[in-house]
Structure formats: structure tokens, C-alpha cells
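Below is the file coords.csv, which contains CSV, C-alpha atoms.
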```csv
chain,number,residue,atom,x,y,z
A,224,THR,CA,121.7,103.7,87.1
A,225,GLY,CA,124.7,106.1,87.0
A,226,THR,CA,125.2,109.3,88.8
A,227,THR,CA,124.5,111.9,86.0
A,228,PRO,CA,120.9,112.9,85.1
A,229,ASP,CA,121.4,111.7,81.5
A,230,THR,CA,121.9,108.1,82.7
A,231,VAL,CA,118.6,108.0,84.5
A,232,ASP,CA,117.1,107.0,81.2
A,233,ASP,CA,113.5,106.2,80.1
A,234,ALA,CA,114.2,102.5,80.2
A,235,ALA,CA,115.2,102.6,83.9
A,236,ILE,CA,112.2,104.7,84.8
A,237,THR,CA,109.9,102.4,82.8
A,238,ALA,CA,111.3,99.3,84.5
A,239,GLU,CA,110.8,100.8,88.0
A,240,ALA,CA,107.2,101.7,87.1
A,241,ALA,CA,106.6,98.2,85.7
A,242,LEU,CA,107.8,96.5,88.8
A,243,VAL,CA,105.7,98.7,91.1
A,244,ALA,CA,102.6,98.2,88.9
A,245,ALA,CA,103.0,94.4,89.0
A,246,ASP,CA,103.4,94.5,92.8
A,247,ALA,CA,100.2,96.6,93.1
A,248,MET,CA,98.4,94.2,90.8
A,249,PHE,CA,99.4,91.2,92.8
A,250,ARG,CA,98.4,92.8,96.1
A,251,ASP,CA,95.0,94.1,94.7
A,252,LEU,CA,94.3,90.7,93.2
A,253,SER,CA,95.0,89.0,96.6
A,254,ILE,CA,92.7,91.5,98.4
A,255,ALA,CA,89.9,91.2,95.9
A,256,GLN,CA,90.0,87.4,96.1
A,257,ASP,CA,90.3,87.3,99.9
A,258,PRO,CA,89.5,90.6,101.7
A,259,GLY,CA,90.4,89.0,105.0
A,260,LEU,CA,86.8,89.2,106.3
A,261,GLN,CA,86.6,85.6,107.5
A,262,SER,CA,87.5,86.6,111.0
A,263,LEU,CA,84.8,89.2,110.9
A,264,GLY,CA,82.0,86.8,110.3
A,265,PHE,CA,81.9,85.9,106.6
A,266,MET,CA,84.2,83.8,104.4
A,267,GLY,CA,85.5,86.4,102.0
A,268,MET,CA,84.5,87.0,98.4
A,269,GLY,CA,84.9,83.3,97.6
A,270,GLY,CA,81.4,82.6,98.8
A,271,GLY,CA,80.3,79.0,99.2
A,272,PRO,CA,79.3,77.1,102.3
A,273,GLY,CA,79.7,78.9,105.6
A,274,PHE,CA,79.5,82.4,103.9
A,275,VAL,CA,77.7,84.3,106.6
A,276,GLY,CA,77.3,88.0,107.2
A,277,PRO,CA,77.9,90.5,110.0
A,278,GLN,CA,74.5,89.8,111.4
A,279,GLY,CA,75.7,86.3,112.0
A,280,GLY,CA,78.2,87.4,114.7
A,281,GLY,CA,80.8,89.2,112.7
A,282,LEU,CA,82.8,92.2,114.0
A,283,CYS,CA,81.8,94.7,111.3
A,284,GLN,CA,80.1,97.7,112.7
A,285,GLY,CA,77.6,100.2,111.1
A,286,THR,CA,79.1,103.5,110.0
A,287,GLY,CA,76.0,105.5,110.3
A,288,VAL,CA,75.4,105.3,106.6
A,289,PRO,CA,72.6,102.7,106.0
A,290,GLY,CA,74.0,99.5,104.6
A,291,THR,CA,77.7,100.4,105.0
A,292,PHE,CA,79.9,98.6,107.6
A,293,ASP,CA,83.3,99.4,109.0
A,294,CYS,CA,85.2,96.1,109.1
A,295,GLY,CA,88.2,97.3,110.9
A,296,ARG,CA,91.9,96.9,110.0
A,297,MET,CA,94.0,93.9,109.1
A,298,VAL,CA,97.7,93.5,108.6
A,299,ARG,CA,98.9,91.5,105.6
A,300,ASN,CA,102.5,91.3,104.3
A,301,GLY,CA,103.5,94.4,106.2
A,302,PHE,CA,100.6,96.5,105.1
A,303,THR,CA,97.8,97.9,107.3
A,304,ILE,CA,94.5,97.8,105.5
A,305,SER,CA,91.2,99.4,106.6
A,306,ARG,CA,88.0,98.2,105.0
A,307,GLU,CA,84.4,99.4,104.6
A,308,VAL,CA,81.9,97.1,102.9
A,309,THR,CA,78.4,97.6,101.5
A,310,PHE,CA,76.2,94.7,100.4
A,311,PHE,CA,73.6,94.7,97.5
A,312,ASP,CA,71.0,92.3,96.3
A,313,GLY,CA,70.6,91.0,92.8
A,314,GLU,CA,68.7,94.2,91.8
A,315,GLY,CA,71.5,96.4,93.0
A,316,VAL,CA,69.6,97.5,96.1
A,317,GLU,CA,71.7,98.1,99.3
A,318,GLN,CA,71.0,95.7,102.2
A,319,PRO,CA,70.8,97.7,105.4
A,320,ASP,CA,71.1,94.6,107.6
A,321,GLY,CA,74.3,93.4,105.9
A,322,PHE,CA,75.1,90.2,104.2
A,323,ASP,CA,72.3,87.8,103.4
A,324,PRO,CA,73.7,84.4,102.0
A,325,LEU,CA,70.5,83.9,100.0
A,326,LYS,CA,70.1,87.4,98.6
A,327,THR,CA,73.5,89.2,98.5
A,328,ASP,CA,74.9,89.3,94.9
A,329,ALA,CA,77.4,92.2,95.2
A,330,ALA,CA,79.7,93.9,97.6
A,331,ARG,CA,81.5,97.3,97.5
A,332,LEU,CA,84.8,97.3,99.2
A,333,VAL,CA,86.5,100.6,100.0
A,334,MET,CA,90.0,100.1,101.3
A,335,GLU,CA,93.0,102.2,102.4
A,336,ALA,CA,96.4,100.5,102.8
A,337,SER,CA,99.8,101.7,103.8
A,338,GLY,CA,103.1,100.0,104.5
A,339,THR,CA,106.7,99.5,103.6
A,340,VAL,CA,108.3,96.9,101.3
A,341,GLU,CA,112.0,96.1,101.8
A,342,ARG,CA,114.2,94.2,99.3
A,343,SER,CA,117.9,93.6,99.1
A,344,PHE,CA,118.7,96.8,97.2
A,345,TRP,CA,115.7,99.1,97.8
A,346,THR,CA,113.0,100.1,100.3
A,347,ALA,CA,109.6,101.5,99.3
A,348,SER,CA,106.9,103.3,101.4
A,349,MET,CA,103.5,103.0,99.8
A,350,THR,CA,99.9,104.2,100.3
A,351,ARG,CA,97.0,102.8,98.3
A,352,ASN,CA,93.3,103.6,98.1
A,353,ARG,CA,90.8,101.2,96.4
A,354,ASP,CA,87.1,101.3,95.6
A,355,MET,CA,86.1,97.9,94.3
A,356,TYR,CA,82.7,96.5,93.3
A,357,ILE,CA,82.4,92.7,93.1
A,358,GLN,CA,79.2,91.2,91.7
A,359,GLY,CA,77.9,87.8,90.9
A,360,LEU,CA,78.3,86.4,94.4
A,361,LEU,CA,75.2,84.3,94.0
A,362,GLY,CA,76.7,82.5,91.0
A,363,ASP,CA,79.9,81.0,89.8
A,364,ALA,CA,81.3,84.1,88.0
A,365,HIS,CA,82.4,86.9,90.2
A,366,THR,CA,83.1,90.1,88.3
A,367,LEU,CA,85.3,92.9,89.7
A,368,ASN,CA,85.3,96.5,88.7
A,369,GLY,CA,86.9,99.4,90.5
A,370,THR,CA,89.3,102.3,90.7
A,371,GLY,CA,92.3,103.2,92.8
A,372,SER,CA,95.0,105.6,93.5
A,373,GLY,CA,98.4,105.4,95.2
A,374,THR,CA,101.8,106.8,96.0
A,375,VAL,CA,105.1,105.1,96.2
A,376,TYR,CA,108.3,106.5,97.7
A,377,ARG,CA,111.1,104.1,96.6
A,378,SER,CA,114.7,104.6,97.6
A,379,GLY,CA,117.7,102.4,96.5
A,380,ASN,CA,121.1,101.9,98.0
A,381,PRO,CA,123.3,105.1,97.5
A,382,GLN,CA,125.2,104.9,94.2
A,383,GLU,CA,128.7,106.4,94.5
A,384,GLY,CA,127.6,108.3,97.5
A,385,MET,CA,124.4,109.7,95.9
A,386,ALA,CA,120.9,108.8,97.1
A,387,LEU,CA,118.4,108.0,94.3
A,388,THR,CA,114.7,107.8,94.8
A,389,PHE,CA,111.7,107.1,92.5
A,390,ASP,CA,108.5,108.8,93.6
A,391,MET,CA,105.3,107.6,91.9
A,392,THR,CA,101.7,108.6,91.9
A,393,SER,CA,99.2,106.4,90.1
A,394,GLN,CA,95.6,105.9,89.1
A,395,ALA,CA,94.2,102.4,88.5
A,396,GLN,CA,91.1,101.0,86.7
A,397,TRP,CA,89.9,97.5,87.1
A,398,ALA,CA,87.6,96.5,84.2
A,399,ASP,CA,85.3,93.4,84.2
A,400,VAL,CA,87.8,91.1,85.8
A,401,VAL,CA,86.0,87.8,85.9
A,402,HIS,CA,87.0,85.0,88.4
A,403,PHE,CA,85.1,81.7,88.2
A,404,GLN,CA,84.3,79.6,91.2
A,405,PRO,CA,85.3,77.4,93.0
A,406,ARG,CA,88.6,79.2,93.4
A,407,GLU,CA,90.5,75.9,93.9
A,408,GLU,CA,89.7,74.9,90.3
A,409,ASN,CA,90.0,78.4,88.8
A,410,PRO,CA,93.0,80.0,90.5
A,411,TYR,CA,93.4,82.8,87.9
A,412,PRO,CA,91.0,85.5,86.5
A,413,ALA,CA,89.5,84.3,83.3
A,414,SER,CA,89.2,87.7,81.6
A,415,GLY,CA,89.3,91.5,82.2
A,416,SER,CA,92.1,94.0,82.6
A,417,VAL,CA,93.7,96.4,85.0
A,418,THR,CA,95.2,99.7,83.8
A,419,ARG,CA,97.5,102.0,85.7
A,420,SER,CA,98.7,105.5,84.8
A,421,ILE,CA,101.9,106.2,86.7
A,422,LEU,CA,103.8,109.5,87.0
A,423,VAL,CA,107.4,108.7,88.0
A,424,THR,CA,109.7,111.4,89.4
A,425,VAL,CA,113.4,110.6,89.9
A,426,THR,CA,115.2,112.5,92.6
A,427,ARG,CA,118.9,112.4,93.3
A,428,ASN,CA,120.2,113.9,96.6
A,429,GLY,CA,116.9,115.8,96.8
A,430,GLU,CA,117.0,117.3,93.3
A,431,VAL,CA,114.5,116.2,90.6
A,432,VAL,CA,116.5,115.0,87.6
A,433,ARG,CA,113.8,113.2,85.5
A,434,SER,CA,110.1,112.5,85.3
A,435,ARG,CA,108.0,110.4,83.0
A,436,GLU,CA,104.5,109.0,82.6
A,437,VAL,CA,104.1,105.3,82.2
A,438,GLU,CA,100.9,103.3,81.4
A,439,THR,CA,100.6,99.6,82.2
A,440,VAL,CA,97.8,97.3,81.1
A,441,VAL,CA,97.4,93.7,82.4
A,442,THR,CA,95.0,91.5,80.6
A,443,PHE,CA,93.9,88.3,82.2
A,444,ASN,CA,93.3,85.0,80.3
A,445,GLY,CA,92.5,82.3,82.9
A,446,THR,CA,96.1,81.1,83.0
A,447,GLN,CA,99.1,81.5,85.2
A,448,TYR,CA,100.9,83.7,82.6
A,449,VAL,CA,99.4,87.0,81.5
A,450,THR,CA,100.7,89.9,79.5
A,451,MET,CA,101.4,93.4,80.9
A,452,MET,CA,101.8,96.1,78.2
A,453,VAL,CA,104.2,98.8,79.5
A,454,ASN,CA,104.0,101.9,77.3
A,455,GLY,CA,103.1,99.5,74.5
A,456,GLU,CA,105.8,96.9,75.2
A,457,ALA,CA,104.7,93.4,76.1
A,458,VAL,CA,106.0,91.9,79.4
A,459,GLU,CA,105.1,88.4,80.7
A,460,ILE,CA,103.7,88.2,84.3
A,461,ASP,CA,103.7,84.9,86.3
A,462,LEU,CA,100.7,85.1,88.6
A,463,ALA,CA,101.5,81.9,90.5
A,464,ASN,CA,105.1,83.0,91.4
A,465,ARG,CA,104.3,86.8,91.5
A,466,GLU,CA,107.1,87.4,89.1
A,467,VAL,CA,107.9,89.8,86.2
A,468,LYS,CA,109.7,88.2,83.3
A,469,GLY,CA,112.1,89.8,80.8
A,470,ARG,CA,114.2,92.9,81.0
A,471,PHE,CA,111.7,94.6,83.4
A,472,GLY,CA,112.2,91.7,85.8
A,473,GLY,CA,115.7,90.4,86.6
A,474,PRO,CA,117.2,89.6,90.0
A,475,GLY,CA,115.0,90.6,92.9
A,476,SER,CA,111.9,91.1,90.8
A,477,ASN,CA,110.0,88.3,92.6
A,478,ARG,CA,107.5,90.1,94.7
```
Take the structure I supplied and represent it as C-alpha cells, if you would.
Amino acid sequence: TGTTPDTVDDAAITAEAALVAADAMFRDLSIAQDPGLQSLGFMGMGGGPGFVGPQGGGLCQGTGVPGTFDCGRMVRNGFTISREVTFFDGEGVEQPDGFDPLKTDAARLVMEASGTVERSFWTASMTRNRDMYIQGLLGDAHTLNGTGSGTVYRSGNPQEGMALTFDMTSQAQWADVVHFQPREENPYPASGSVTRSILVTVTRNGEVVRSREVETVVTFNGTQYVTMMVNGEAVEIDLANREVKGRFGGPGSNR
């Protein structure tokens, strides 16, 4: 990007938003697949043998709201994440005593995360809030729906003495993302999508020079490679290597 407002073009803004959206999707997918609750007394959303609840000696504590447990904070990849979880039976009824391996079919995860990501040519401070509902825990098809919001303050190396930042606010929607079990045989979601609406504001030396709205939609297909539509343009995502392909990727795009 150059040093005049006109050179901070739509393509540059869209590329920044695409990379941030992909990074958020990778992180959300990781959390949904493994909320880090093993150490708290149950084996994460993967289910299976050994999947026991807070009543089995976990560290989750009641919040005062019947059926809702505070499962503390964890640190993952530089992010501090707090988690509250509520369990439901197959009829959608909250379970006040927590997880029951024979009856719990769904869990609501409310998470707040904050942290900093550093790469060779940029640094980003991020906050993310997620409200995710995972159902089908008694069967082989776990389905995720949820919403989220977030902020990103991303600054790059000064260009010709000028500091350039990309500030973003986003809203996310997870829609019927299905992940079959066992996870080892089905490493990628089989279907569903995640949509993000992102407002990007570009600032140079403290002055706002451009802003643009960007929408990204990732559609899962059960394979390593999925498509992310970025304002209608198709971009390939490599889930295994956490990588964005094509012109929105390039050097340093591996997340």
C-alpha cells in the first residue's frame, strides 16, 4: 500500500478483511471442536468414552444461574479465553446438575477471547465474543450454530515513515455446521457455513483515509479445501494448513 489515500484501494482493504476473517474462522473452528474443557472434567465436544461432566470432579463452578457453569479461563495460541457452558438433554431442557453422559445432547458455549497476533510485517490486537450452540452430542453428527462479534486493531510496519492501521468490527453467524464423529476419521465439517460482515476503517498517522464493508462466507464440504466468498469473489481455503490461497493469500498468509 502506498502513502496517499487513493492508493489504499478496495482490493487492499478486501484482502485485509479476508485474511482476518479466515483467521477468525480457523480459531472458532478449533474452539468449537475442542473447547479446552478436558482439564475441567470432560473431554470436549468430541464426546466418546471418558466424556464426563463437572459433577464428575471437574473444575466448572455454578454461576448462580441454574444449569450454567463458569469453566474458567484458558490460554491458547496467545489468546486468553473465558468460557461459560450450559448443558441440555435431547428435549432441549437445561440440566441443572451439569453434564450427564447418558442424557446430554447439547451444550451452549459462551466465550470471550482477547489476545495479540504478531507476524513478520504486522501486529494485531483482537477481541472476540462467541455464543455457540452444539447439538447432537448423543449421536455421530454434531451440529453447530451460533453468533459472534469482534474487533481487530491491526498495524503494519511504517511505510515511508507513515503508520498504517486497519481497524475492523465484525459480526459472525454460524449456520448448521455439521461435524461427523469420530473426529479422527472426519477431520473437517461436512456442511454448513459461517458468514462475517466486517467494517474496515483504514487510518494513516491517526487520520481515517478509507472505510469499506466486506462480507465473507465460508461453506464447508467435508474436505480439506473449502471456498470463501469475499464480496462475491471465490477464494480457496486450506483447512489443514490454515492457509488462504490466491491473491488474498500470498507470503505470510499462513495463520
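Note that the spacing between CA of Ala234 in chain A and CA of Gly415 in chain A amounts to 27.3 Å.
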Each range 326-397 of chain A residue no farther than 10 Å from range 437-456 of chain A, nearest pair in Å, all atoms listed in the file, as a tab-separated table:
```
residue	atom	partner	partner_atom	distance
A:Ser393	CA	A:Val437	CA	9.4
A:Gln394	CA	A:Glu438	CA	9.7
A:Ala395	CA	A:Thr439	CA	9.4
A:Gln396	CA	A:Val440	CA	9.5
A:Trp397	CA	A:Val441	CA	9.6
```
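Pairwise distance (CA of Cys283 in chain A, CA of Lys326 in chain A) equals 18.7 Å.
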One decimal, in Å: what's the spacing between CA of Arg353 in chain A and CA of Asp399 in chain A?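 Separation between CA of Arg353 in chain A and CA of Asp399 in chain A: 15.5 Å.
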Residues at most 9 Å from Gly301 in chain A, counting all atoms listed in the file, excluding those fewer than 2 positions away in the same chain, as an MDAnalysis selection string? chainID A and resid 298:299 303 337:340
Best match for closeness to Gln318 in chain A among A:Val288, A:Met297, A:Met334, A:Ala386, counting only C-alpha atoms: A:Val288
I want to know what sits within 9 Å of Asp312 in chain A, based on all atoms listed in the file, with residues of the same chain fewer than 6 positions away left out; could you give that as a short mmCIF file (atom, residue, chain, number, x, y, z; two decimals) with C-alpha atoms, keeping the file's coordinate frame?
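Saved the output as result_16.cif:
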```cif
data_model
loop_
_atom_site.label_atom_id
_atom_site.label_comp_id
_atom_site.auth_asym_id
_atom_site.auth_seq_id
_atom_site.Cartn_x
_atom_site.Cartn_y
_atom_site.Cartn_z
CA GLN A 318 71.00 95.70 102.20
CA ASP A 323 72.30 87.80 103.40
CA LYS A 326 70.10 87.40 98.60
CA THR A 327 73.50 89.20 98.50
CA ASP A 328 74.90 89.30 94.90
CA ALA A 329 77.40 92.20 95.20
CA ALA A 330 79.70 93.90 97.60
#
```
Would you kindly return, as a list of chain:residue names, each protein, DNA or RNA residue with an atom no farther than 7 Å from any atom of Ala241 in chain A, considering all atoms listed in the file and excluding same-chain residues fewer than 3 positions away?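 My list of contacting residues is A:Thr237, A:Ala238, A:Ala244, A:Ala245, A:Val453, A:Phe471.
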Ranking A:Asn368, A:Thr350, A:Gln284, A:Asn464 by minimum distance to His402 in chain A and counting all atoms listed in the file, which one comes first? A:Asn368
Please provide as a list in words all residues within 6 Å of Met355 in chain A, with the sequence filter that same-chain residues fewer than 5 positions apart are discarded (counting all atoms listed in the file).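 Selected residues are Arg331, Leu332, Asn368 and Gly369 of chain A.
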Distance query Asp320 in chain A at most 12 Å, all atoms listed in the file, self and fewer than 4 positions along chain excluded, as a ChimeraX atom specification: /A:276-279,283-285,288-292,309-312,316,324,326-327
